[in-house]
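Participant: Dropping a structure here in structure tokens format, bear with me for questions.
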Amino acid sequence: MRITLLMPVYNGAAFLPDQLRSLACQSHLPDRLIVSDDGSRDGSNRIIANFQRHAPFRVDIIQGPGRGYAANVFALLTQAPETALGFCDQDDVWLGNRLHRGIQALQSTPGPAMQITRRISVDVKLRHPRLAPIPVMPTFRTALMQNQAPANATLLNVAAAQLLCRLVARLPTAPHFPDWWAYALLTGADCKVVFDQEAGLLYRQHRRNLLGSCESVRGRIRRARMLIDGSYRRCVRQHLDALELTASALTPSARVELRKALTQIRFSQGRPHLPVAQRILGYSRIASRGAPSIDHI
């Protein structure tokens, strides 16, 4: 299986060498890495260009749109070839068998599929490891309000990747959390979810994380602030609107769930129905019948 990795970059010079080194040391190397530098001013482009000259796989560097993280991710998806896809952040460190285990899982799965690895949260110096909890059975209903497939933990097989890339063009702007939209879309399209109980990467926690681990104090504080200042509600609305524009890919039952959620957020004076504690933590224990299949490997 050929696989391309997509990496959005912005002022990541402090962390990029560790991440690039970890990609070059994978037991199963990627076929290609596409990096989109969104206007870094800290020397990130020089680090990537130097890595490009010596990398054991093809490295392409493109100029990001300069409109923030979400738009940069979408720019990468528009450049993606027709291969399996993986997403990697500039500040993580991948463990040596991350790609090997992910590709093995996807190769044995027919139809559209995504593989999600567990993450080990670490501090800025890669210390104090904490293994992320195992997520519950994914359903489209829960995917409407939470993301169990963070981009840096997700690989897509060719069928899932092509579906996602095709639908990106329908959105006039990227939702604030593009990985959340992708997870909900693919879950609602009956994509199979394969979850690896072994960890595949070190998830570095620092002040510049977009959101941070739901297990960290800083990550919980950020989530709490989003609830208080209303930005969580705005993100949910943007997320649901993006799903509505791509609803043709959803199963009939998923479209019904989406309509219910849209009605709730458009006409309810309160926030979307999900317990506050669960929203702050970033995950829930909700499960329902009719869920897409999830395998644990």
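Going through the structure tokens in order, the chains are called A, B, and so on, while each chain numbers its residues from 1 and the ligands are numbered from 1 in the order shown.
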Would you kindly return, as a ChimeraX atom specification, each protein, DNA or RNA residue with an atom no farther than 12 Å from any atom of His176 in chain A, considering only C-alpha atoms and excluding same-chain residues fewer than 2 positions away?
Facilitator: /A:67-74,173-174,178-182,210-211,231-242
Participant: Restrict the calculation to only C-alpha atoms, then for each residue of range 78-155 of chain A with any atom at most 10 Å from an atom of range 185-191 of chain A give the closest atom pair and their distance in Å to one decimal, rows by chain and rising residue number, as a Markdown table.
Facilitator:
| residue | atom | partner | partner_atom | distance |
| --- | --- | --- | --- | --- |
| A:Pro110 | CA | A:Cys191 | CA | 9.9 |
| A:Gly111 | CA | A:Cys191 | CA | 7.4 |
| A:Pro112 | CA | A:Cys191 | CA | 5.0 |
| A:Ala113 | CA | A:Cys191 | CA | 5.2 |
| A:Met114 | CA | A:Cys191 | CA | 7.2 |
| A:Pro138 | CA | A:Thr187 | CA | 7.6 |
| A:Thr139 | CA | A:Thr187 | CA | 6.8 |
| A:Phe140 | CA | A:Gly188 | CA | 5.2 |
| A:Arg141 | CA | A:Gly188 | CA | 8.7 |
| A:Thr142 | CA | A:Thr187 | CA | 9.9 |
| A:Ala143 | CA | A:Thr187 | CA | 7.5 |
| A:Leu144 | CA | A:Leu185 | CA | 9.2 |
Participant: List every residue of range 77-106 of chain A that DSSP, applied to the backbone of this structure, places in strand (DSSP E or B), and write the result as a list in words.
Facilitator: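 In range 77-106 of chain A, DSSP puts these residues in strand (DSSP E or B): Ala84, Leu85, Gly86, Phe87, Val93 and Trp94 of chain A.
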Participant: Would you list, as a PyMOL selection string, the residues of range 41-205 of chain A that end up in helix (DSSP H, G or I) under DSSP run on this structure's backbone?
Facilitator: chain A and resi 44-54+69-79+98-107+140-143+151-153+158-168+178-188
Participant: Neighbouring residues of range 78-81 of chain A were defined as those with any atom within 10 Å, considering only C-alpha atoms; residues of the same chain fewer than 3 positions away were excluded. Please report them as a list in words.
Facilitator: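 That gives Ile3, Thr4, Leu5, Leu6, Arg32, Leu33, Ile34, Ser36, Ile62, Val73, Phe74, Ala75, Ala84, Leu85, Val158, Ala161, Gln162, Leu164, Cys165, Arg166, Val168 and Ala169 of chain A.
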Participant: Let me see the file: selected residues, C-alpha atoms, as a PDB file, in the first residue's frame.
Facilitator:
ATOM      1  CA  ILE A   3       0.942   6.080   1.574  1.00  0.00           C
ATOM      2  CA  THR A   4       1.475   9.841   1.562  1.00  0.00           C
ATOM      3  CA  LEU A   5       1.898  11.875   4.729  1.00  0.00           C
ATOM      4  CA  LEU A   6       0.535  15.427   4.973  1.00  0.00           C
ATOM      5  CA  ARG A  32       5.929  10.621   0.091  1.00  0.00           C
ATOM      6  CA  LEU A  33       5.711  13.543   2.513  1.00  0.00           C
ATOM      7  CA  ILE A  34       3.977  16.774   1.494  1.00  0.00           C
ATOM      8  CA  SER A  36       2.735  22.964   3.539  1.00  0.00           C
ATOM      9  CA  ILE A  62       4.278  23.764  -0.949  1.00  0.00           C
ATOM     10  CA  VAL A  73      -4.836  21.341   6.077  1.00  0.00           C
ATOM     11  CA  PHE A  74      -7.364  21.763   3.279  1.00  0.00           C
ATOM     12  CA  ALA A  75      -4.600  23.041   0.982  1.00  0.00           C
ATOM     13  CA  ALA A  84      -3.550   6.161   1.334  1.00  0.00           C
ATOM     14  CA  LEU A  85      -3.080   9.247   3.494  1.00  0.00           C
ATOM     15  CA  VAL A 158      -7.289   4.902  -0.524  1.00  0.00           C
ATOM     16  CA  ALA A 161      -8.880   9.344   1.319  1.00  0.00           C
ATOM     17  CA  GLN A 162     -10.423   9.765  -2.126  1.00  0.00           C
ATOM     18  CA  LEU A 164     -12.499  12.995   1.711  1.00  0.00           C
ATOM     19  CA  CYS A 165     -10.447  14.796  -0.935  1.00  0.00           C
ATOM     20  CA  ARG A 166     -13.379  14.842  -3.340  1.00  0.00           C
ATOM     21  CA  VAL A 168     -13.163  19.148   0.340  1.00  0.00           C
ATOM     22  CA  ALA A 169     -13.938  21.076  -2.856  1.00  0.00           C
TER      23      ALA A 169
END
Participant: Have a look at A:Phe57, A:Phe51, A:Tyr183, A:Phe87 and name the one nearest to Pro17 in chain A; count only C-alpha atoms.
Facilitator: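 The closest residue to Pro17 in chain A is A:Phe51.
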Participant: Pick out the closest residue to Gln104 in chain A from this set: A:Leu155, A:Leu258, A:Cys25, A:Leu202. Count only C-alpha atoms.
Facilitator: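 For Gln104 in chain A, the nearest of the given residues is A:Leu155.
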Participant: Which residue gives the smallest distance to Leu156 in chain A among A:Leu126, A:Ile120, A:Val193, A:Ala14, with only C-alpha atoms counted?
Facilitator: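 The closest residue to Leu156 in chain A is A:Val193.
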